$ cat model.cif   # mmCIF, C-alpha atoms and all ligand atoms
data_run
#
loop_
_atom_site.label_atom_id
_atom_site.label_comp_id
_atom_site.auth_asym_id
_atom_site.auth_seq_id
_atom_site.Cartn_x
_atom_site.Cartn_y
_atom_site.Cartn_z
CA MET H 1262 6.67 -19.34 4.29
CA THR H 1263 9.63 -20.44 6.29
CA SER H 1264 11.22 -19.96 9.64
CA ILE H 1265 14.30 -17.77 9.72
CA THR H 1266 15.30 -18.46 13.28
CA THR H 1267 19.00 -18.22 14.00
CA LYS H 1268 18.67 -20.35 17.10
CA LYS H 1269 18.54 -24.15 17.32
CA ARG H 1270 15.47 -25.22 19.30
CA THR H 1271 16.87 -27.58 21.88
CA ASN H 1272 13.84 -29.00 23.59
CA PHE H 1273 10.56 -30.52 22.57
CA ALA H 1274 8.41 -27.96 24.44
CA ASP H 1275 10.07 -25.06 22.57
CA SER H 1276 9.55 -26.83 19.24
CA LEU H 1277 5.93 -27.58 20.00
CA GLN H 1278 5.23 -24.00 21.10
CA TYR H 1279 6.86 -22.60 17.96
CA ALA H 1280 4.95 -25.03 15.72
CA GLY H 1281 1.71 -23.84 17.33
CA TYR H 1282 2.72 -20.21 16.74
CA LEU H 1283 3.49 -20.90 13.07
CA ALA H 1284 0.21 -22.76 12.54
CA VAL H 1285 -1.86 -19.88 13.97
CA ALA H 1286 0.17 -17.26 12.08
CA LYS H 1287 -0.14 -19.03 8.72
CA THR H 1288 -3.87 -19.61 9.17
CA ARG H 1289 -4.45 -15.94 10.00
CA ALA H 1290 -2.39 -14.88 6.98
CA LYS H 1291 -4.66 -17.00 4.77
CA VAL H 1292 -7.79 -15.51 6.38
CA LEU H 1293 -6.38 -12.01 5.71
CA LYS H 1294 -5.80 -12.97 2.08
CA VAL H 1295 -9.42 -14.12 1.66
CA PHE H 1296 -10.56 -10.93 3.38
CA THR H 1297 -8.71 -8.74 0.88
CA LEU H 1298 -10.14 -10.76 -2.02
CA VAL H 1299 -13.80 -10.65 -0.97
CA VAL H 1300 -14.12 -7.24 0.71
CA PRO H 1301 -14.24 -4.37 -1.81
CA MET H 1302 -11.49 -1.89 -0.93
CA PRO H 1303 -12.47 1.69 -1.75
CA SER H 1304 -9.78 4.21 -2.57
CA PRO H 1305 -10.08 7.99 -2.42
CA ILE H 1306 -10.11 10.27 -5.45
CA LEU H 1307 -6.54 11.58 -5.63
CA LEU H 1308 -5.88 15.21 -6.55
CA VAL H 1309 -2.26 16.22 -7.08
CA GLY H 1310 -0.58 19.58 -7.57
CA LYS H 1311 -0.35 23.16 -6.36
CA ASN H 1312 -4.09 23.68 -6.79
CA ALA H 1313 -5.14 20.34 -5.30
CA CYS H 1314 -6.44 21.80 -1.99
CA ASN H 1315 -8.89 24.09 -3.78
CA GLU H 1316 -9.97 21.31 -6.12
CA LEU H 1317 -10.62 19.12 -3.09
CA CYS H 1318 -12.82 21.82 -1.53
CA ASP H 1319 -14.68 22.16 -4.85
CA LEU H 1320 -15.68 18.49 -4.58
CA PHE H 1321 -17.60 18.90 -1.32
CA ILE H 1322 -18.89 22.37 -2.24
CA LYS H 1323 -20.44 20.83 -5.37
CA GLU H 1324 -22.01 18.15 -3.13
CA GLY H 1325 -23.83 20.94 -1.28
CA ARG H 1326 -21.77 20.78 1.93
CA THR H 1327 -21.87 24.11 3.73
CA ASN H 1328 -20.30 23.62 7.17
CA VAL H 1329 -16.78 22.15 7.35
CA PHE H 1330 -15.14 20.68 10.44
CA ILE H 1331 -11.39 21.17 9.93
CA VAL H 1332 -9.28 18.78 12.02
CA THR H 1333 -5.63 19.72 12.56
CA ASP H 1334 -3.04 20.17 15.32
CA ALA H 1335 -1.94 23.23 17.25
CA VAL H 1336 1.52 23.45 15.63
CA LEU H 1337 0.16 23.40 12.08
CA ASN H 1338 -2.57 25.87 13.00
CA LYS H 1339 -0.03 28.23 14.59
CA LEU H 1340 2.14 27.99 11.48
CA GLY H 1341 -0.90 28.96 9.41
CA VAL H 1342 -0.93 25.77 7.34
CA PRO H 1343 -4.77 25.60 7.12
CA GLU H 1344 -4.97 29.24 5.95
CA LYS H 1345 -4.82 28.35 2.26
CA VAL H 1346 -7.96 26.27 2.71
CA ASN H 1347 -9.65 28.71 5.09
CA ASN H 1348 -9.25 31.55 2.57
CA TYR H 1349 -10.71 29.46 -0.22
CA LEU H 1350 -13.70 28.45 1.91
CA GLU H 1351 -14.32 32.09 2.87
CA GLN H 1352 -14.19 33.13 -0.80
CA ASN H 1353 -16.89 30.54 -1.45
CA ASN H 1354 -19.04 31.53 1.56
CA ILE H 1355 -18.56 28.16 3.21
CA ARG H 1356 -18.65 28.07 7.01
CA TYR H 1357 -15.92 26.21 8.86
CA GLN H 1358 -14.84 25.40 12.39
CA ILE H 1359 -11.24 24.53 13.24
CA TYR H 1360 -10.39 21.91 15.86
CA ASP H 1361 -6.62 21.98 16.47
CA GLY H 1362 -6.56 19.75 19.55
CA ILE H 1363 -5.05 16.67 17.90
CA THR H 1364 -1.95 15.38 19.68
CA PRO H 1365 0.53 12.75 18.44
CA ASP H 1366 -1.00 9.29 18.94
CA PRO H 1367 -4.45 10.77 19.69
CA THR H 1368 -6.42 9.33 22.59
CA SER H 1369 -10.14 8.63 22.81
CA LYS H 1370 -10.60 11.85 24.79
CA VAL H 1371 -8.97 13.95 22.05
CA ILE H 1372 -11.32 12.38 19.49
CA GLU H 1373 -14.37 12.77 21.75
CA ASP H 1374 -13.58 16.48 22.24
CA GLY H 1375 -13.46 16.96 18.48
CA LEU H 1376 -16.61 14.94 17.96
CA ARG H 1377 -18.52 17.07 20.48
CA GLN H 1378 -17.43 20.28 18.74
CA SER H 1379 -18.33 18.97 15.30
CA VAL H 1380 -21.79 17.85 16.43
CA ASN H 1381 -22.47 21.10 18.33
CA ALA H 1382 -21.47 23.16 15.28
CA GLY H 1383 -23.71 21.05 13.03
CA CYS H 1384 -20.84 20.32 10.64
CA ASP H 1385 -21.72 18.26 7.57
CA VAL H 1386 -18.24 17.39 6.30
CA VAL H 1387 -14.88 16.62 7.95
CA LEU H 1388 -11.61 17.88 6.46
CA ALA H 1389 -8.30 16.63 7.89
CA ILE H 1390 -5.24 18.84 7.41
CA GLY H 1391 -2.22 17.16 8.99
CA GLY H 1392 -0.07 14.09 9.36
CA GLY H 1393 -1.04 10.53 10.26
CA SER H 1394 -2.32 11.32 13.78
CA VAL H 1395 -4.57 14.11 12.51
CA ILE H 1396 -5.95 11.97 9.69
CA ASP H 1397 -6.57 9.00 11.99
CA ALA H 1398 -8.40 11.25 14.47
CA ALA H 1399 -10.46 12.83 11.66
CA LYS H 1400 -11.44 9.35 10.45
CA MET H 1401 -12.67 8.48 13.93
CA ILE H 1402 -14.56 11.78 14.36
CA ALA H 1403 -16.27 11.30 10.99
CA MET H 1404 -17.07 7.66 11.78
CA CYS H 1405 -18.44 8.47 15.26
CA GLN H 1406 -20.58 11.34 13.96
CA GLY H 1407 -21.94 9.20 11.13
CA ASN H 1408 -22.76 6.36 13.52
CA ASN H 1409 -23.78 8.43 16.55
CA CYS H 1410 -21.33 6.56 18.75
CA GLN H 1411 -18.12 6.95 20.75
CA PRO H 1412 -14.62 5.97 19.49
CA LYS H 1413 -14.33 2.93 21.77
CA GLN H 1414 -17.37 1.38 20.08
CA LEU H 1415 -15.51 1.37 16.74
CA ILE H 1416 -12.34 -0.40 17.91
CA GLY H 1417 -11.91 -3.72 16.11
CA LEU H 1418 -13.04 -4.97 12.75
CA PHE H 1419 -16.01 -3.48 10.87
CA LYS H 1420 -17.90 -2.14 13.90
CA ALA H 1421 -19.61 0.74 12.04
CA LYS H 1422 -23.12 0.15 10.75
CA LYS H 1423 -23.50 3.41 8.81
CA PRO H 1424 -21.17 5.43 6.57
CA CYS H 1425 -19.02 8.10 8.15
CA LEU H 1426 -19.65 11.80 7.68
CA PRO H 1427 -18.16 12.78 4.28
CA LEU H 1428 -14.40 12.85 4.88
CA TYR H 1429 -11.64 14.58 2.89
CA CYS H 1430 -7.91 14.72 3.62
CA ILE H 1431 -4.97 17.00 2.96
CA PRO H 1432 -1.81 15.25 4.22
CA THR H 1433 0.93 17.61 5.39
CA THR H 1434 3.59 14.89 5.62
CA ALA H 1435 4.57 12.24 3.09
CA GLY H 1436 4.58 9.24 5.39
CA THR H 1437 1.72 7.21 6.80
CA GLY H 1438 -0.49 7.20 3.70
CA SER H 1439 -3.34 7.19 6.24
CA GLU H 1440 -5.49 9.10 3.75
CA ALA H 1441 -5.64 5.87 1.73
CA THR H 1442 -5.98 3.22 4.44
CA ILE H 1443 -8.84 1.44 6.16
CA GLY H 1444 -7.44 1.80 9.68
CA ALA H 1445 -7.20 4.40 12.43
CA VAL H 1446 -5.09 4.06 15.57
CA VAL H 1447 -6.52 5.25 18.89
CA SER H 1448 -4.54 5.42 22.15
CA ASP H 1449 -6.04 4.64 25.55
CA ASP H 1450 -6.46 7.76 27.73
CA GLU H 1451 -4.65 6.27 30.74
CA THR H 1452 -2.38 3.46 29.53
CA HIS H 1453 -1.65 4.97 26.08
CA GLN H 1454 -1.96 1.41 24.75
CA LYS H 1455 -2.82 1.61 21.06
CA SER H 1456 -5.91 0.02 19.53
CA ILE H 1457 -7.00 0.03 15.94
CA ALA H 1458 -10.36 0.49 14.26
CA ILE H 1459 -10.50 -1.14 10.83
CA ASP H 1460 -13.35 -0.42 8.46
CA THR H 1461 -13.59 0.27 4.74
CA LYS H 1462 -16.22 2.91 5.60
CA MET H 1463 -13.53 5.23 6.97
CA VAL H 1464 -11.69 5.63 3.66
CA PRO H 1465 -11.88 9.33 2.72
CA LEU H 1466 -13.80 10.35 -0.39
CA ALA H 1467 -10.83 12.32 -1.71
CA ALA H 1468 -7.29 13.36 -0.80
CA ALA H 1469 -5.19 16.28 -2.02
CA ILE H 1470 -1.43 15.97 -2.40
CA ASP H 1471 -0.41 19.62 -2.44
CA PRO H 1472 3.38 20.09 -2.45
CA THR H 1473 3.13 23.69 -1.24
CA ILE H 1474 1.53 22.41 1.99
CA MET H 1475 4.46 20.01 2.55
CA GLN H 1476 7.37 22.32 1.78
CA GLY H 1477 7.70 23.60 5.34
CA MET H 1478 8.36 20.12 6.75
CA PRO H 1479 11.81 20.10 8.44
CA PRO H 1480 14.52 17.74 7.10
CA HIS H 1481 14.46 15.25 10.00
CA ILE H 1482 10.69 14.79 9.68
CA THR H 1483 11.03 14.52 5.89
CA ALA H 1484 13.60 11.77 6.47
CA ASP H 1485 11.64 9.85 9.12
CA THR H 1486 8.30 9.99 7.32
CA GLY H 1487 9.96 9.16 3.99
CA ILE H 1488 11.40 5.96 5.46
CA ASP H 1489 7.93 5.11 6.76
CA VAL H 1490 6.79 5.20 3.12
CA LEU H 1491 9.69 2.98 2.06
CA THR H 1492 8.92 0.52 4.86
CA HIS H 1493 5.23 0.31 3.96
CA ALA H 1494 6.17 -0.41 0.37
CA LEU H 1495 8.88 -2.96 1.20
CA GLU H 1496 6.79 -4.85 3.73
CA ALA H 1497 3.80 -4.90 1.36
CA TRP H 1498 6.10 -6.09 -1.45
CA MET H 1499 7.55 -8.91 0.66
CA SER H 1500 4.18 -9.97 2.11
CA VAL H 1501 2.94 -13.39 1.04
CA ASN H 1502 -0.41 -11.68 0.45
CA ALA H 1503 1.07 -9.33 -2.16
CA SER H 1504 -0.77 -9.23 -5.50
CA ALA H 1505 -0.21 -7.63 -8.90
CA ASP H 1506 -2.29 -4.73 -7.63
CA THR H 1507 -0.27 -4.13 -4.43
CA ASP H 1508 3.03 -4.83 -6.22
CA GLY H 1509 2.33 -2.00 -8.65
CA TYR H 1510 1.80 0.50 -5.82
CA ALA H 1511 4.69 -0.84 -3.72
CA ALA H 1512 7.24 -0.79 -6.56
CA SER H 1513 6.17 2.70 -7.58
CA ALA H 1514 6.61 3.93 -3.98
CA VAL H 1515 10.05 2.28 -3.61
CA GLU H 1516 11.31 3.73 -6.89
CA THR H 1517 10.09 7.21 -5.93
CA VAL H 1518 11.52 7.15 -2.41
CA MET H 1519 14.95 5.94 -3.56
CA HIS H 1520 15.13 8.80 -6.06
CA TYR H 1521 13.23 11.70 -4.49
CA LEU H 1522 13.67 11.34 -0.71
CA PRO H 1523 17.30 12.58 -0.74
CA ILE H 1524 16.18 15.54 -2.87
CA ALA H 1525 13.25 16.45 -0.59
CA TYR H 1526 15.53 16.02 2.45
CA LYS H 1527 18.22 18.31 1.02
CA ASP H 1528 15.88 20.94 -0.39
CA GLY H 1529 12.45 21.06 1.22
CA SER H 1530 11.32 23.70 -1.25
CA ASP H 1531 11.74 21.36 -4.22
CA LEU H 1532 8.06 21.05 -5.05
CA LYS H 1533 8.55 18.25 -7.58
CA ALA H 1534 10.26 16.09 -4.94
CA ARG H 1535 7.57 16.96 -2.35
CA GLU H 1536 4.79 16.07 -4.76
CA GLU H 1537 6.43 12.78 -5.78
CA MET H 1538 6.94 11.83 -2.12
CA GLY H 1539 3.31 12.67 -1.35
CA VAL H 1540 2.10 10.38 -4.12
CA ALA H 1541 4.54 7.66 -2.98
CA ALA H 1542 3.11 7.84 0.56
CA HIS H 1543 -0.39 7.46 -0.89
CA HIS H 1544 0.73 4.45 -2.96
CA GLY H 1545 2.38 2.92 0.12
CA GLY H 1546 -0.95 3.22 1.94
CA LEU H 1547 -2.82 1.53 -0.92
CA ALA H 1548 -0.26 -1.31 -0.98
CA LEU H 1549 -0.39 -1.98 2.76
CA ASN H 1550 -4.20 -1.88 2.82
CA LYS H 1551 -4.28 -5.27 1.10
CA ALA H 1552 -0.81 -6.80 1.56
CA GLY H 1553 -0.18 -5.69 5.16
CA LEU H 1554 3.07 -4.97 6.96
CA GLY H 1555 5.65 -7.05 8.81
CA TYR H 1556 8.38 -7.30 11.43
CA VAL H 1557 9.81 -3.82 10.87
CA HIS H 1558 6.55 -2.24 11.95
CA ALA H 1559 5.94 -4.80 14.70
CA ILE H 1560 9.33 -4.06 16.32
CA ALA H 1561 9.17 -0.32 15.57
CA HIS H 1562 5.83 -0.14 17.38
CA GLN H 1563 7.57 -1.47 20.49
CA LEU H 1564 10.29 1.21 20.28
CA GLY H 1565 7.49 3.78 20.04
CA ALA H 1566 5.51 2.32 22.94
CA TYR H 1567 8.48 1.83 25.32
CA TYR H 1568 10.79 4.72 24.44
CA GLY H 1569 8.65 7.20 22.51
CA THR H 1570 10.70 6.81 19.31
CA PRO H 1571 8.83 8.57 16.46
CA HIS H 1572 7.23 6.03 14.16
CA GLY H 1573 9.21 6.73 10.99
CA ARG H 1574 12.52 6.95 12.86
CA ALA H 1575 11.80 3.64 14.61
CA ASN H 1576 11.15 2.00 11.24
CA ALA H 1577 14.39 3.44 9.87
CA ILE H 1578 16.32 2.02 12.82
CA VAL H 1579 14.77 -1.46 12.61
CA LEU H 1580 14.64 -1.80 8.81
CA PRO H 1581 18.28 -2.85 8.12
CA TYR H 1582 18.16 -5.66 10.71
CA VAL H 1583 14.91 -7.15 9.41
CA LEU H 1584 16.02 -6.87 5.78
CA GLU H 1585 19.22 -8.69 6.66
CA LEU H 1586 17.45 -11.46 8.57
CA ASN H 1587 14.79 -11.76 5.86
CA ARG H 1588 17.27 -11.67 2.99
CA LYS H 1589 17.42 -15.42 2.39
CA ALA H 1590 13.63 -15.82 2.39
CA SER H 1591 13.08 -12.70 0.27
CA GLU H 1592 16.09 -12.60 -2.06
CA LYS H 1593 14.12 -13.52 -5.17
CA ARG H 1594 11.45 -10.90 -4.46
CA LEU H 1595 14.04 -8.27 -3.56
CA ALA H 1596 15.94 -8.99 -6.77
CA ILE H 1597 12.74 -8.58 -8.82
CA LEU H 1598 12.05 -5.31 -7.01
CA ALA H 1599 15.60 -4.04 -7.56
CA ARG H 1600 15.33 -4.74 -11.32
CA LYS H 1601 11.79 -3.35 -11.58
CA THR H 1602 12.63 -0.11 -9.79
CA GLY H 1603 15.89 0.48 -11.64
CA VAL H 1604 18.05 0.11 -8.53
CA VAL H 1605 20.07 -2.31 -10.69
CA LYS H 1606 20.15 -2.14 -14.48
CA ASP H 1607 20.75 -5.08 -16.82
CA SER H 1608 22.54 -6.97 -14.10
CA GLN H 1609 23.50 -10.57 -14.80
CA ASP H 1610 24.26 -11.12 -11.12
CA SER H 1611 22.45 -13.76 -9.08
CA ASP H 1612 19.29 -12.93 -7.10
CA ALA H 1613 21.31 -13.20 -3.89
CA GLU H 1614 23.88 -10.67 -5.11
CA ILE H 1615 21.20 -8.28 -6.33
CA ALA H 1616 19.28 -8.58 -3.04
CA ASP H 1617 22.51 -7.73 -1.19
CA TYR H 1618 23.05 -4.74 -3.45
CA PHE H 1619 19.48 -3.54 -2.90
CA ILE H 1620 19.86 -3.79 0.90
CA ALA H 1621 23.15 -1.88 0.65
CA GLN H 1622 21.38 0.85 -1.33
CA VAL H 1623 18.71 1.14 1.38
CA ASN H 1624 21.46 1.48 4.01
CA THR H 1625 23.16 4.15 1.90
CA LEU H 1626 19.85 6.04 1.68
CA LEU H 1627 19.51 5.95 5.48
CA LYS H 1628 22.98 7.49 5.82
CA THR H 1629 22.33 10.10 3.11
CA ILE H 1630 19.28 11.39 4.95
CA GLY H 1631 21.02 11.46 8.33
CA ILE H 1632 19.05 8.80 10.19
CA SER H 1633 20.43 8.61 13.73
CA PRO H 1634 20.44 5.12 15.29
CA ILE H 1635 20.05 6.56 18.80
CA VAL H 1636 17.13 5.26 20.90
CA ARG H 1637 17.26 6.81 24.35
CA ASP H 1638 16.91 4.82 27.58
CA MET H 1639 16.73 1.32 26.10
CA GLN H 1640 16.59 -1.26 28.91
CA ALA H 1641 17.56 -4.86 28.23
CA SER H 1642 15.04 -5.91 30.89
CA ASP H 1643 12.24 -4.72 28.55
CA PHE H 1644 13.31 -6.87 25.62
CA ASP H 1645 11.50 -10.10 26.50
CA HIS H 1646 8.16 -8.31 26.70
CA MET H 1647 8.87 -6.27 23.60
CA ALA H 1648 9.84 -9.35 21.59
CA LYS H 1649 6.72 -11.17 22.73
CA ALA H 1650 4.48 -8.24 21.79
CA ALA H 1651 6.12 -7.87 18.36
CA ALA H 1652 5.80 -11.62 17.67
CA LYS H 1653 2.11 -11.47 18.65
CA GLU H 1654 1.50 -8.46 16.38
CA VAL H 1655 2.99 -10.34 13.43
CA ARG H 1656 1.08 -13.53 14.21
CA ASP H 1657 -2.25 -11.72 14.54
CA THR H 1658 -1.97 -9.11 11.80
CA TYR H 1659 0.61 -9.68 9.07
CA ALA H 1660 1.45 -12.15 6.29
CA VAL H 1661 5.24 -12.19 6.45
CA PRO H 1662 7.52 -14.19 4.14
CA ALA H 1663 9.35 -15.83 7.05
CA TYR H 1664 8.77 -16.11 10.79
CA MET H 1665 11.19 -15.19 13.56
CA GLU H 1666 11.30 -16.56 17.05
CA GLY H 1667 11.19 -14.32 20.09
CA SER H 1668 14.95 -14.81 20.52
CA ASP H 1669 15.60 -13.42 17.00
CA ILE H 1670 13.55 -10.32 17.76
CA LYS H 1671 15.36 -9.95 21.08
CA ASN H 1672 18.70 -10.17 19.25
CA ILE H 1673 17.62 -7.33 16.96
CA LEU H 1674 16.75 -5.23 20.01
CA ILE H 1675 20.16 -6.00 21.56
CA LYS H 1676 21.89 -4.93 18.32
CA ILE H 1677 19.83 -1.72 18.21
CA LYS H 1678 20.84 -0.95 21.82
CA THR H 1679 24.51 -1.58 21.05
CA ALA H 1680 24.44 0.61 17.92
CA SER H 1681 22.54 3.31 19.83
CA GLU H 1682 25.10 3.35 22.67
CA LYS H 1683 27.99 3.52 20.22
CA ALA H 1684 26.38 6.41 18.30
CA SER H 1685 25.64 8.27 21.57
CA HIS H 1686 29.27 7.81 22.65
CA ASP H 1687 30.62 8.98 19.26
CA LYS H 1688 28.33 12.00 19.36
CA LEU H 1689 29.51 12.90 22.86
CA VAL H 1690 33.16 12.67 21.76
CA SER H 1691 32.62 14.77 18.62
CA ASP H 1692 30.62 17.41 20.55
FE FE H 1701 4.15 3.01 9.18
#

$ encode --input "model.cif" --output "structure tokens"
Amino acid sequence: MTSITTKKRTNFADSLQYAGYLAVAKTRAKVLKVFTLVVPMPSPILLVGKNACNELCDLFIKEGRTNVFIVTDAVLNKLGVPEKVNNYLEQNNIRYQIYDGITPDPTSKVIEDGLRQSVNAGCDVVLAIGGGSVIDAAKMIAMCQGNNCQPKQLIGLFKAKKPCLPLYCIPTTAGTGSEATIGAVVSDDETHQKSIAIDTKMVPLAAAIDPTIMQGMPPHITADTGIDVLTHALEAWMSVNASADTDGYAASAVETVMHYLPIAYKDGSDLKAREEMGVAAHHGGLALNKAGLGYVHAIAHQLGAYYGTPHGRANAIVLPYVLELNRKASEKRLAILARKTGVVKDSQDSDAEIADYFIAQVNTLLKTIGISPIVRDMQASDFDHMAKAAAKEVRDTYAVPAYMEGSDIKNILIKIKTASEKASHDKLVSD
């Protein structure tokens, strides 16, 4: 692990403070590594294909579950996305109750409302049908019902004493991979500050990747969520806590996204591309479970918190800057990834040249799928706080290949603001 700061530290106090930051960060990264080695990491049964939703229902029907709590959001419910499942449950005389109150970045209150309804209806299984927010909320509802507690009591590491209510997931986007991960994000009711509950007990028993459920996703959401998959895989690949296990999932996800995301973006009804992207999202989730994430997510989370930028879009905007700054520290790993995933074939070029080529290919992908660099209302006066929060997130949570200083993160934010203003101006002129 190295420092990749672009700034010369000019005084002793700065140097001492940065040394302290590095020491804490590296120690935490080692603790995370031990954690992933000693704690068994469950993974859900994965069902893939046009019949996967029904096969998923068969699993809990065979277990004798008779009363399903379906967690979704109002838009999906209005579009009739859960109907395929509802019809199958009715055919099998299984009762169900739908809770469609999940909002983006669900708060404790949203989860508590769902929990109350599930308990009152005497549901004995939770089924999430939705994107990352829906799945996170369903995890919390199932955990709270299984532990007879409220969501706030589960925030932090391994707070649950008992298993969650049996939990099954049908992702409707190919992005977060939340159906495979050990975390759920909960927002505060008033401040909307995000907290995370981490527990291996919240991993669903099974997940269904059904391409017919995903085919209605509009192109811009396909693009944003697809880049979230790519970012999970890249950050897990570049993590110093990566292993053969996580590398396999990460490389598979990168290869799939580079090939199939442009196809799914261009033609949402291409079921092969939808299915491949769904599996890639799942693999990205399995990779990040053990290897963690990095600066792209840490900075993207700030864009989400301050300016409401959707998560995948924020990752897409930040990704090129972090890849560029990380290139030196990660060129060997990026070159291995480029060869492994077929981004380069039989190249005799140096690792540095191949890493450059790989980064260029990622940038080309971002253009192909129409990622806009516009972040509305960015204020330079926010950047110090944002940089500090991103640096803290990395120090406390991730095992990155190289550490930035606050000034490097601030420079990235300045570049994002400049690019955003230019793109807004160009758009205005062309309109
Ligand atoms: Fe993400």

$ residues_around --input "model.cif" --residues "Ala1641 in chain H" --least-positions-apart "3" --cutoff "10 Å" --atoms "only C-alpha atoms" --output "VMD selection string"
chain H and resid 1638 1644 to 1645 1647 1671 1674 to 1675 1678

$ closest_atom_pairs --input "model.cif" --of "chain H" --to "ligand FE 1701 (chain H)" --cutoff "7 Å" --atoms "all atoms listed in the file" --output "JSON lines"
{"residue": "H:Thr1437", "atom": "CA", "partner": "H:FE1701", "partner_atom": "FE", "distance": 5.4}
{"residue": "H:Asp1489", "atom": "CA", "partner": "H:FE1701", "partner_atom": "FE", "distance": 5.0}
{"residue": "H:Val1490", "atom": "CA", "partner": "H:FE1701", "partner_atom": "FE", "distance": 7.0}
{"residue": "H:Thr1492", "atom": "CA", "partner": "H:FE1701", "partner_atom": "FE", "distance": 6.9}
{"residue": "H:His1493", "atom": "CA", "partner": "H:FE1701", "partner_atom": "FE", "distance": 6.0}
{"residue": "H:His1558", "atom": "CA", "partner": "H:FE1701", "partner_atom": "FE", "distance": 6.4}
{"residue": "H:His1572", "atom": "CA", "partner": "H:FE1701", "partner_atom": "FE", "distance": 6.6}
{"residue": "H:Gly1573", "atom": "CA", "partner": "H:FE1701", "partner_atom": "FE", "distance": 6.5}

$ residues_near_point --input "model.cif" --point "(-2.2, 9.9, 5.9)" --cutoff "10 Å" --atoms "only C-alpha atoms" --output "list in words"
Ala1389, Ile1390, Gly1391, Gly1392, Gly1393, Ser1394, Val1395, Ile1396, Asp1397, Cys1430, Ile1431, Pro1432, Thr1433, Thr1434, Ala1435, Gly1436, Thr1437, Gly1438, Ser1439, Glu1440, Ala1441, Thr1442, Ala1445, Ala1468, Gly1539, Ala1542, His1543 and Gly1546 of chain H

$ atom_distance --input "model.cif" --atom1 "CA of Leu1317 in chain H" --atom2 "CA of Leu1350 in chain H"
11.0 Å

$ residues_near_point --input "model.cif" --point "(16.7, 15.8, 5.3)" --cutoff "6 Å" --atoms "all atoms listed in the file" --output "JSON, numbers by chain"
{"H": [1480, 1481, 1483, 1484, 1526, 1527, 1630]}

$ atom_distance --input "model.cif" --atom1 "CA of Asn1502 in chain H" --atom2 "CA of Gly1487 in chain H"
23.5 Å

$ atom_distance --input "model.cif" --atom1 "CA of Arg1637 in chain H" --atom2 "CA of Ile1673 in chain H"
16.0 Å

$ closest_residue --input "model.cif" --among "H:Val1501, H:Val1386, H:Met1302, H:Ile1615" --to "Val1661 in chain H" --atoms "only C-alpha atoms"
H:Val1501

$ build_atoms --input "model.cif" --residues "range 1322-1333 of chain H" --atoms "N, CA and C atoms" --output "CSV table (one decimal), in the coordinates of the input"
chain,number,residue,atom,x,y,z
H,1322,ILE,N,-18.0,21.2,-2.0
H,1322,ILE,CA,-18.9,22.4,-2.2
H,1322,ILE,C,-19.9,22.0,-3.3
H,1323,LYS,N,-19.5,21.3,-4.3
H,1323,LYS,CA,-20.4,20.8,-5.4
H,1323,LYS,C,-21.5,19.8,-4.8
H,1324,GLU,N,-21.1,19.1,-3.8
H,1324,GLU,CA,-22.0,18.2,-3.1
H,1324,GLU,C,-23.0,18.9,-2.2
H,1325,GLY,N,-22.9,20.2,-2.1
H,1325,GLY,CA,-23.8,20.9,-1.3
H,1325,GLY,C,-23.4,21.0,0.2
H,1326,ARG,N,-22.2,20.7,0.5
H,1326,ARG,CA,-21.8,20.8,1.9
H,1326,ARG,C,-21.5,22.2,2.3
H,1327,THR,N,-22.0,22.7,3.4
H,1327,THR,CA,-21.9,24.1,3.7
H,1327,THR,C,-21.2,24.4,5.1
H,1328,ASN,N,-20.8,23.4,5.8
H,1328,ASN,CA,-20.3,23.6,7.2
H,1328,ASN,C,-19.2,22.6,7.4
H,1329,VAL,N,-17.9,23.1,7.3
H,1329,VAL,CA,-16.8,22.2,7.4
H,1329,VAL,C,-16.2,22.1,8.7
H,1330,PHE,N,-15.9,20.9,9.2
H,1330,PHE,CA,-15.1,20.7,10.4
H,1330,PHE,C,-13.7,20.4,10.1
H,1331,ILE,N,-12.8,21.3,10.3
H,1331,ILE,CA,-11.4,21.2,9.9
H,1331,ILE,C,-10.7,20.6,11.1
H,1332,VAL,N,-10.0,19.4,10.9
H,1332,VAL,CA,-9.3,18.8,12.0
H,1332,VAL,C,-7.8,19.0,11.7
H,1333,THR,N,-7.1,19.5,12.7
H,1333,THR,CA,-5.6,19.7,12.6
H,1333,THR,C,-5.0,19.7,13.9
